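Trainee: Provided herewith is a single structure, encoded as structure tokens, for subsequent inquiry.
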Amino acid sequence: MPARAYRGRAVHARLQNELAEYLLSEGFEARSPGKEDPPFDLAYERNGTVRVVEVKSLLPSNEERQLRTALGQILLYRHRLRQRMEQVEAVIYVENEPTDGTWLELLQTEEIKLCWPDSRAALLED
């Protein structure tokens, strides 16, 4: 496996585990997908709303590709979950703040939270 792919997988696993631990420390249960769920990275419930999360590693050289991939995935996951659940919100959780601020604006317009470790407290807000 190329070093870049190994790094991406290792960062993804670290981010996902750290996020799950953070949510647990704040009183939320992070869960993995069930049999009928799409293959999201994790989900948690906040005030009766399920938040589905897609996690991505980011480097300046792959930022746009990773965010475009995450956007497609999270839109599909949110759509599929909304077929079974009334209240579903989408979250993209990345390694660091994107260098291109357009992503913050775009995702806010599409009602998708974009967070990274330094901004993860926003995941607890309504």
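Each chain in the structure tokens gets a letter, A, B, ..., in the order shown, and its residues are numbered from 1; ligands are numbered from 1 in order too.
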Check which residues of segment 16-64 of chain A sit at most 12 Å from segment 106-120 of chain A using only C-alpha atoms, and return one row each with the closest pair of atoms and their distance in Å to one decimal, ordered by chain and rising number, as a Markdown table.
Mentor:
| residue | atom | partner | partner_atom | distance |
| --- | --- | --- | --- | --- |
| A:Gln16 | CA | A:Pro117 | CA | 10.6 |
| A:Asn17 | CA | A:Pro117 | CA | 11.8 |
| A:Glu18 | CA | A:Pro117 | CA | 8.8 |
| A:Leu19 | CA | A:Pro117 | CA | 8.0 |
| A:Ala20 | CA | A:Arg120 | CA | 11.3 |
| A:Glu21 | CA | A:Arg120 | CA | 11.9 |
| A:Tyr22 | CA | A:Arg120 | CA | 8.7 |
| A:Leu23 | CA | A:Arg120 | CA | 9.4 |
| A:Glu26 | CA | A:Arg120 | CA | 11.3 |
| A:Arg51 | CA | A:Lys113 | CA | 9.6 |
| A:Val52 | CA | A:Ile112 | CA | 10.0 |
| A:Val53 | CA | A:Lys113 | CA | 9.2 |
| A:Glu54 | CA | A:Leu114 | CA | 9.9 |
| A:Val55 | CA | A:Trp116 | CA | 9.3 |
| A:Lys56 | CA | A:Trp116 | CA | 9.6 |
| A:Ser57 | CA | A:Trp116 | CA | 10.0 |
| A:Leu58 | CA | A:Trp116 | CA | 10.3 |
Trainee: Quick one: of A:Leu71, A:Ala43, A:Leu24, A:Leu123, who's nearest to Trp103 of chain A, counting only C-alpha atoms?
Mentor: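 Closest candidate: A:Leu71.
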Trainee: Suppose you want the space between atom CA of Asn96 of chain A and atom CA of Thr49 of chain A; what is it in Å?
Mentor: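 Computing the Euclidean distance for atom CA of Asn96 of chain A and atom CA of Thr49 of chain A yields 25.4 Å.
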Trainee: Between A:Thr102, A:Ser25, A:Gln83, A:Ser32, which one has atoms that come closest to Tyr44 of chain A, using only C-alpha atoms?
Mentor: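 Answer, going by the shortest atom-to-atom distance: A:Ser32.
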Trainee: My list of candidates is A:Ala122, A:Ile74, A:Leu59, A:Leu67. Which is closest to Leu42 of chain A when distances are computed with only C-alpha atoms?
Mentor: A:Ile74
Trainee: Going by DSSP on the backbone, which bits of chain A are alpha helix (DSSP H)? Write them as a PyMOL selection string, please.
Mentor: chain A and resi 3-25+63-82+102-109
Trainee: Please, what distance in Å, to one decimal, runs between atom CA of Lys35 of chain A and atom CA of Arg7 of chain A?
Mentor: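 These atoms are spaced 28.7 Å apart.
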Trainee: So that I can check the secondary structure, give me every residue of chain A assigned strand (DSSP E or B) by backbone DSSP, as a list in words.
Mentor: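 These are the residues in question: Arg31, Leu42, Ala43, Tyr44, Glu45, Arg46, Thr49, Val50, Arg51, Val52, Val53, Glu54, Val55, Lys56, Val88, Glu89, Ala90, Val91, Ile92, Tyr93, Val94, Ile112, Lys113, Leu114 and Cys115 of chain A.
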Trainee: So that I can check the surroundings of Asn62 of chain A, please list as an NGL selection string every protein, DNA and RNA residue that reaches within 12 Å of it, counting only C-alpha atoms and ignoring chain neighbours fewer than 4 positions away.
Mentor: :A and (4-5 or 8 or 56-58 or 66-69 or 95 or 98-100)
Trainee: Write a file of the selected residues as a short mmCIF file (atom, residue, chain, number, x, y, z; two decimals), in the first residue's frame, keeping C-alpha atoms.
Mentor:
data_model
loop_
_atom_site.label_atom_id
_atom_site.label_comp_id
_atom_site.auth_asym_id
_atom_site.auth_seq_id
_atom_site.Cartn_x
_atom_site.Cartn_y
_atom_site.Cartn_z
CA ARG A 4 -0.21 8.21 1.19
CA ALA A 5 -3.03 5.67 1.28
CA GLY A 8 -5.16 8.44 4.90
CA LYS A 56 -12.16 12.42 5.88
CA SER A 57 -8.43 12.98 6.13
CA LEU A 58 -7.25 16.14 4.34
CA GLN A 66 -11.77 14.46 -0.40
CA LEU A 67 -14.45 17.09 0.22
CA ARG A 68 -16.20 16.35 -3.07
CA THR A 69 -16.23 12.65 -2.19
CA GLU A 95 -8.73 16.46 9.75
CA PRO A 98 -10.15 23.45 4.71
CA THR A 99 -7.89 26.00 3.05
CA ASP A 100 -10.64 26.89 0.57
#
